[in-house]
Amino acid sequence: MQLDARIPEGPIDKKWDNHRFRLKLVNPANKRKYNIIVVGTGLAGGAASATLAELGYNVKTFCIQDSPRRAHSIAAQGGINAAKNYQNDGDSIYRLFYDTVKGGDYRAREANVHRLAQISVNIIDQCVAQGVPFAREYGGVLANRSFGGAQVSRTFYARGQTGQQLLLGAYQALMRQVALGKVKLYPRTEMLDVVVIDGKARGIVTRSLVDGKTEVHLADAVVLGSGGYGNVFFLSTNAKGSNATAIWRAHKKGALFANPCYTQIHPTCIPVSGDYQSKLTLMSESLRNDGRIWVPLNKGDKRTPAEIPESDRDYYLERRYPSFGNLVPRDVASRNAKMVCDEGRGVGPTGLGVYLDFGDAIQRLGKRTIAERYGNLFDMYERITGEDPYQVPMRIYPAIHYTMGGLWVDYNLMSTIPGMFVLGEANFSDHGANRLGASALMQGLADGYFIIPYTIGDYLASTKLEKVDQKHAAVKDAERGVKERLERLLAVNGTRTVDSFHRELGKIMWEHCGMARNAKGLTEALETIPALRERFWKEVRVGGTGDLNLELEKAGRVADFFELGELMCRDALVREESCGGHFREEYQTPEGEAQRDDERFTYVAAWGWGGEGQKPELHKEPLEFKEVKPSQRSYK
Amino acid sequence: MRLKLHVWRQKGKSAEGSFSSYDVPDVSEHMSFLEMLDVLNQRLIEKGDDPVSFDHDCREGICGMCGFMINGQAHGPLKGTTVCQLHMRHYKDGDELWLEPWRAAAFPILKDLMVDRSAFDRIIAAGGYISTPSGSAPDGNAIPVPKDKSDRAMDAAACIGCGACVASCPNASASLFTSAKVTHLNLLPQGEPEQERRTLAMVMQMRAEMFGHCTNVGECEAVCPKQISLENIAKMNRDYVQAVFKYREPSAASGSG
Ligand SMILES: Cc1cc2nc3c(=O)[nH]c(=O)nc-3n(C[C@H](O)[C@H](O)[C@H](O)COP(=O)(O)OP(=O)(O)OC[C@H]3O[C@@H](n4cnc5c(N)ncnc54)[C@H](O)[C@@H]3O)c2cc1C
Ligand code: SF4
Ligand code: FES
């Protein structure tokens with residue numbers, strides 16, 4: 001398959017403007033004749049639903065939670081980037097673009113990233129107008145902070161609840177359209193397949209999570225904003241319900257899956273405490289602004305942190321990266337934590353932890369200032385661990401946090417199934433091999449508020465869409481497939497719980513496709529995962545019936561994670577280089593940093609579903625860097 | 001530690017419910033409350049029994065999905081904490097716990113500890129927004145917002161829509177929830193143009209759902225995991241009175257030339 005990213009011609013800063021002018025428009029009076037399905041009510045899906053309805057389209061919006069306001073975006077803490085340069089500290093659209101391309105380790109599309117940086121400024125305006133209570137200075141203007149090691153202060157935030165406030169803004173705009181009758185809302189409803197007719201996405205099959213009824217919804221276009229797939233690993237910072245089912249079913253119906261192996265590991269999470277652990281809690285990255293990270297200098301030092309004198313501590317990030325210190329990017333910080341723990345210098349009961357110490361900061365700035373900056377994070381830490389971080393250093397360890405990979409989309413955010421658009425974390429488009437902090441919220445809202453409204457119009461205006469109805473064979477087939485699968489899951493009636501399989505899959509993934517990967521481990525995982533999947537289908541016990549059944553919901557998602565996990569390992573095996581979050585132990589510099597191979601791997605790996613038990617097919621979209629010259633990232 | 005749980009079990013909306021008792025041995029103090037229930041559920045599934053259904057998602061105290069009564073207290077005994085953030089170190093060996101769903105006419109029970117809170121969404125739909133279609137916004141700094149106002153708006157906006165306030169109120173009133181949104185938006189200059197309409201519409205919708213009246217009992221504030229203040233209700237009442245006097249329907253004739 002020839003992949004056409006449809007990147008517009010012209011200089012980088014004119015591409016989006018030119019493109020917008022060339023995109024076809026749907027006449028205002030005609031918009032109400034079009035029906036659009038949106039799956040997801042996070043920043044991406046929520047913003048898209050509201051905006052498309054404002055334009056006059058008829059929208060049906062679906063989510064699995066009981067209210068659209070609870071999408072996983074709600075949990076984002078730190079902030080959202082925008083190139084406003086309100087601080088007059090040298091920021092610009094070009095700098096945000098540059099930082100994002102570099103941060104992504106030269107594996108993102110330049111044109112997409114530039115558009116994202118351009119739109120970032122409109123997002124803040126939009127959110128302020130919606131009433132998002134961003135932090136402000138005494139003069140009443142918006143406040144900013146520097147985040148995730150950025151050299152400028154371009155991050156906007158609402159205490160430690162930025163995602164919540166942005167999502168509530170989108171949710172409120174969405175509910176306004178619900179009241180106006182332009183959006184019909186389907187909460188507690190899960191999409192379980194796409195309906196493809198004449199090669200175009202024309203609808204979805206859903207299951208009500210309240211009474212178990214399956215239904216087919218038809219439309220002129222389908223928009224997926226279903227979030228990321230970090231829960232393949234079982235333990236992650238994602239919400240428990242976050243899943244890959246929507247994008248995976250779309251993949252099996254023809255949408256290519258791009259860069260599945262690019263996952264982001266967040267360096268500052270609360271370590272695992274026992275085998276009952278159900279998820280991992282992120283401690284905001286902003287903590288690294290004042291906290292110092294260290295481990296004992298010597299292996300097996302069992303003294304309490306207070307008993308370990310300065311001379312016996314290793315502030316390893318400050319030592320190895322004198323210019324960035326504790327503020328190195330996420331991938332670098334995570335890998336280094338793993339390294340010191342592998343050396344046997346990790347702390348805490350499991351030895352999988354490092355200290356994040358506020359002792360110096362409290363001495364320098366006073367407890368009050370620290371409480372003002374991080375009070376709610378400290379409280380949260382204490383609530384979970386029972387330890388007071390004002391007294392003893394926090395213990396942190398990296399955890400799976402975000403997935404840069406996702407369904408392949410062109411510049412218009414359309415997948416390889418015409419009429420199916422993919423937004424937010426569910427697509428692969430803007431972050432390359434590593435996402436910068438505070439950029440996911442920006443991307444979700446850019447996609448939803450400011451890109452899809454233009455590009456979907458072009459599709460609708462330039463595509464001949466035949467009338468379709470519920471009697472179509474493709475509709476019947478898709479619905480039957482969904483029902484059969486649900487019945488199959490219920491029928492296994494084995495002995496092991498869904499969670500026990502999911503945990504085991506997660507362990508394999510974390511071990512072999514986590515922070516560090518190598519050919520041997522990946523090859524092994526490519527054997528153990530399919531074997532475990534087979535056992536799942538023979539031994540899982542779902543229990544209950546086809547109506548409200550939380551175990552059945554989980555089982556369907558875990559079954560998809562098995563297939564996706566395998567694809568992630570395959571992608572990681574083929575990519576014989578290290579870049580961003582993808583670290584192959586065989587490919588590192590003498591100092592142990594990621595070693596890219598631009599000659600062979602400056603491409604997007606887009607995988608096609610090969611069929612049950614068959615090998616997937618690899619397609620390559622070559623990447624071009626005209627603006628930002630690829631170089632070895634250095635944070636020394 | 002070992003716990004005895006009495007859990008409300010109800011198969012569906014119209015089914016009868018009752019308490020079932022379970023012994024949970026080997027509870028670690030580091031577990032969260034929901035992890036303790038996960039462990040119980042794994043055991044129930046292995047035995048071929050129906051696991052306890054409860055809502056949850058983020059497990060970080062922010063999505064508002066979780067929530068039930070523990071010994072008559074919404075979200076359990078810890079102040080300012082959702083049940084997903086409550087850890088077992090607050091209990092001791094031999095404790096007996098009664099778990100019940102939110103009880104309110106406006107929140108029908110779906111199954112076990114799960115309820116339907118869509119009435120909250122309808123209150124927001126009635127007016128809990130600022131009408132600014134995408135693309136219509138002025139520069140973010142065009143309208144300065146005094147920091148204290150913005151901070152107070154943020155305090156109110158922190159509500160997670162969990163429903164604990166309703167479940168704890170003897171009248172099952174939704175005043176704390178509704179007033180939090182009214183306050184958040186009415187305090188901001190951006191929210192001013194629609195202030196009266198918003199307040200009237202949201203209060204009206206709240207009354208149209210099956211919520212009771214507020215009689216200033218204050219239980220809601222005491223259990224609210226986000227410590228939303230009763231002052232919001234006072235503000236909503238003031239804004240409401242003002243809106244009743246001031247609000248005029250906009251005239252329909254506009255721009256027909
Ligand atoms: C703890 C945490 C903190 C973070 N902090 C930040 C931060 O500070 N800054 C930043 O930029 N990013 C942050 N991120 C990342 C960011 O929050 C996410 O990438 C982003 O919110 C994803 O938004 P989304 O709209 O793509 O998907 P989501 O918000 O995940 O929404 C997915 C939606 O799809 C629905 N859905 C899923 N599957 C189905 C299905 N099969 N059928 C129907 N509906 C379905 C869900 O119900 C939900 O409504 C953080 C992430 C985490 C985990
Ligand atoms: S006011 Fe408090 S208790 Fe009520 S819904 Fe909001 S967060 Fe929950
Ligand atoms: S599960 Fe999200 S608030 Fe408890």
# chains A, B, ... in the order shown; residues from 1 in each chain; ligands from 1

call {"tool": "select_by_dssp", "arguments": {"residues": "range 56-248 of chain B", "states": "alpha helix (DSSP H)", "output": "ChimeraX atom specification"}}
result
/B:118-127,147-157,164-168,175-187,195-208,219-223,231-246

call {"tool": "residues_around", "arguments": {"residues": "Ser229 in chain B", "least_positions_apart": "4", "cutoff": "8 Å", "atoms": "only C-alpha atoms", "output": "PDB file with C-alpha atoms, in the first residue's frame"}}
result
ATOM      1  CA  ALA B 156     -15.774  25.452  43.163  1.00  0.00           C
ATOM      2  CA  LEU B 176     -23.899  21.500  46.669  1.00  0.00           C
ATOM      3  CA  GLU B 221     -19.891  19.675  52.852  1.00  0.00           C
ATOM      4  CA  ILE B 233     -25.082  27.221  48.129  1.00  0.00           C
TER       5      ILE B 233
END

call {"tool": "interface_residues", "arguments": {"of": "chain A", "to": "chain B", "cutoff": "6 Å", "atoms": "only C-alpha atoms", "output": "list in words"}}
result
Arg70, Asp125, Gln126, Val128, Ala129, Gln130, Pro133, Arg136, Tyr138, Gly140, Val141, Gln172, Met175, Arg176, Ala179, Ala239, Lys240 and Gly241 of chain A

call {"tool": "write_last_selection", "arguments": {"atoms": "N, CA, C and O atoms", "output": "compact mmCIF listing (two decimals), in the first residue's frame"}}
result
# COMPACT_ATOMS: atom_id res chain seq x y z
N ARG A 70 -16.16 12.03 32.69
CA ARG A 70 -15.22 11.19 33.41
C ARG A 70 -14.15 10.57 32.53
O ARG A 70 -13.41 9.70 32.97
N ASP A 125 -7.01 30.52 24.28
CA ASP A 125 -8.09 31.50 24.16
C ASP A 125 -9.45 30.84 24.33
O ASP A 125 -10.30 31.32 25.10
N GLN A 126 -9.64 29.73 23.62
CA GLN A 126 -10.92 29.04 23.66
C GLN A 126 -11.24 28.59 25.09
O GLN A 126 -12.35 28.78 25.57
N VAL A 128 -10.05 29.68 27.99
CA VAL A 128 -10.31 30.80 28.89
C VAL A 128 -11.75 31.28 28.70
O VAL A 128 -12.48 31.51 29.67
N ALA A 129 -12.17 31.39 27.45
CA ALA A 129 -13.53 31.88 27.18
C ALA A 129 -14.59 30.92 27.72
O ALA A 129 -15.68 31.34 28.09
N GLN A 130 -14.26 29.65 27.79
CA GLN A 130 -15.22 28.67 28.33
C GLN A 130 -15.30 28.72 29.84
O GLN A 130 -16.13 28.05 30.44
N PRO A 133 -10.61 27.82 34.78
CA PRO A 133 -9.94 28.69 35.76
C PRO A 133 -8.44 28.45 35.82
O PRO A 133 -7.93 27.93 36.81
N ARG A 136 -3.58 32.32 37.71
CA ARG A 136 -3.36 33.70 37.30
C ARG A 136 -2.39 34.42 38.23
O ARG A 136 -2.21 34.02 39.37
N TYR A 138 -1.26 38.11 40.18
CA TYR A 138 -2.07 39.08 40.93
C TYR A 138 -2.70 40.11 40.02
O TYR A 138 -3.79 40.62 40.26
N GLY A 140 -4.06 39.64 37.35
CA GLY A 140 -5.20 39.10 36.62
C GLY A 140 -4.86 38.42 35.31
O GLY A 140 -5.74 37.88 34.65
N VAL A 141 -3.57 38.46 34.92
CA VAL A 141 -3.20 37.79 33.67
C VAL A 141 -2.85 36.33 33.95
O VAL A 141 -2.65 35.93 35.09
N GLN A 172 -18.76 20.78 29.10
CA GLN A 172 -19.85 21.75 29.21
C GLN A 172 -20.29 22.21 27.82
O GLN A 172 -21.49 22.34 27.56
N MET A 175 -22.36 19.42 26.53
CA MET A 175 -23.69 19.31 27.12
C MET A 175 -24.62 20.41 26.61
O MET A 175 -25.84 20.22 26.52
N ARG A 176 -24.04 21.54 26.26
CA ARG A 176 -24.85 22.61 25.67
C ARG A 176 -25.46 22.11 24.35
O ARG A 176 -26.63 22.35 24.05
N ALA A 179 -28.25 19.69 24.96
CA ALA A 179 -29.50 20.37 25.28
C ALA A 179 -30.14 20.96 24.02
O ALA A 179 -31.37 21.00 23.90
N ALA A 239 -6.39 5.29 33.54
CA ALA A 239 -7.59 4.86 34.27
C ALA A 239 -7.84 3.39 33.96
O ALA A 239 -7.43 2.89 32.91
N LYS A 240 -8.53 2.72 34.89
CA LYS A 240 -8.71 1.28 34.73
C LYS A 240 -9.47 0.93 33.44
O LYS A 240 -9.23 -0.11 32.85
N GLY A 241 -10.36 1.81 33.03
CA GLY A 241 -11.17 1.49 31.86
C GLY A 241 -10.51 1.82 30.53
O GLY A 241 -11.02 1.47 29.47

call {"tool": "select_by_dssp", "arguments": {"residues": "range 174-224 of chain A", "states": "strand (DSSP E)", "output": "ChimeraX atom specification"}}
result
/A:183-186,189-197,200-208,214-218,221-224

call {"tool": "closest_residue", "arguments": {"among": "A:His72, A:Arg575, A:Arg584, A:Arg503", "to": "ligand 1", "atoms": "only C-alpha atoms and all ligand atoms"}}
result
A:His72

call {"tool": "residues_around", "arguments": {"residues": "Arg238 in chain B", "least_positions_apart": "6", "cutoff": "12 Å", "atoms": "only C-alpha atoms", "output": "ChimeraX atom specification"}}
result
/B:179,182-183,186,195-196,199-200,231-232,244-245

call {"tool": "write_last_selection", "arguments": {"atoms": "N, CA and C atoms", "output": "short mmCIF file (atom, residue, chain, number, x, y, z; two decimals), in the first residue's frame"}}
result
data_model
loop_
_atom_site.label_atom_id
_atom_site.label_comp_id
_atom_site.auth_asym_id
_atom_site.auth_seq_id
_atom_site.Cartn_x
_atom_site.Cartn_y
_atom_site.Cartn_z
N SER B 179 -24.61 24.20 42.98
CA SER B 179 -24.08 25.51 43.33
C SER B 179 -22.59 25.61 43.01
N VAL B 182 -22.60 26.65 39.42
CA VAL B 182 -23.12 28.02 39.31
C VAL B 182 -22.05 29.01 39.78
N THR B 183 -21.44 28.72 40.92
CA THR B 183 -20.44 29.63 41.47
C THR B 183 -19.23 29.74 40.56
N ASN B 186 -20.40 31.79 37.47
CA ASN B 186 -20.91 33.14 37.75
C ASN B 186 -19.82 34.07 38.28
N GLN B 195 -25.26 34.84 33.29
CA GLN B 195 -25.41 34.53 34.71
C GLN B 195 -26.85 34.24 35.13
N GLU B 196 -27.76 35.13 34.77
CA GLU B 196 -29.13 34.97 35.27
C GLU B 196 -29.81 33.75 34.65
N THR B 199 -28.40 30.52 36.15
CA THR B 199 -28.81 30.20 37.51
C THR B 199 -30.25 29.69 37.54
N LEU B 200 -31.11 30.40 36.84
CA LEU B 200 -32.51 29.98 36.82
C LEU B 200 -32.67 28.58 36.22
N GLU B 231 -20.68 27.69 51.29
CA GLU B 231 -20.83 29.07 50.81
C GLU B 231 -21.34 29.12 49.37
N ASN B 232 -21.02 28.07 48.62
CA ASN B 232 -21.49 28.03 47.24
C ASN B 232 -23.02 28.01 47.18
N VAL B 244 -34.22 36.05 39.47
CA VAL B 244 -35.68 36.06 39.37
C VAL B 244 -36.17 37.48 39.05
N PHE B 245 -35.51 38.47 39.70
CA PHE B 245 -35.92 39.85 39.45
C PHE B 245 -35.41 40.40 38.13
#
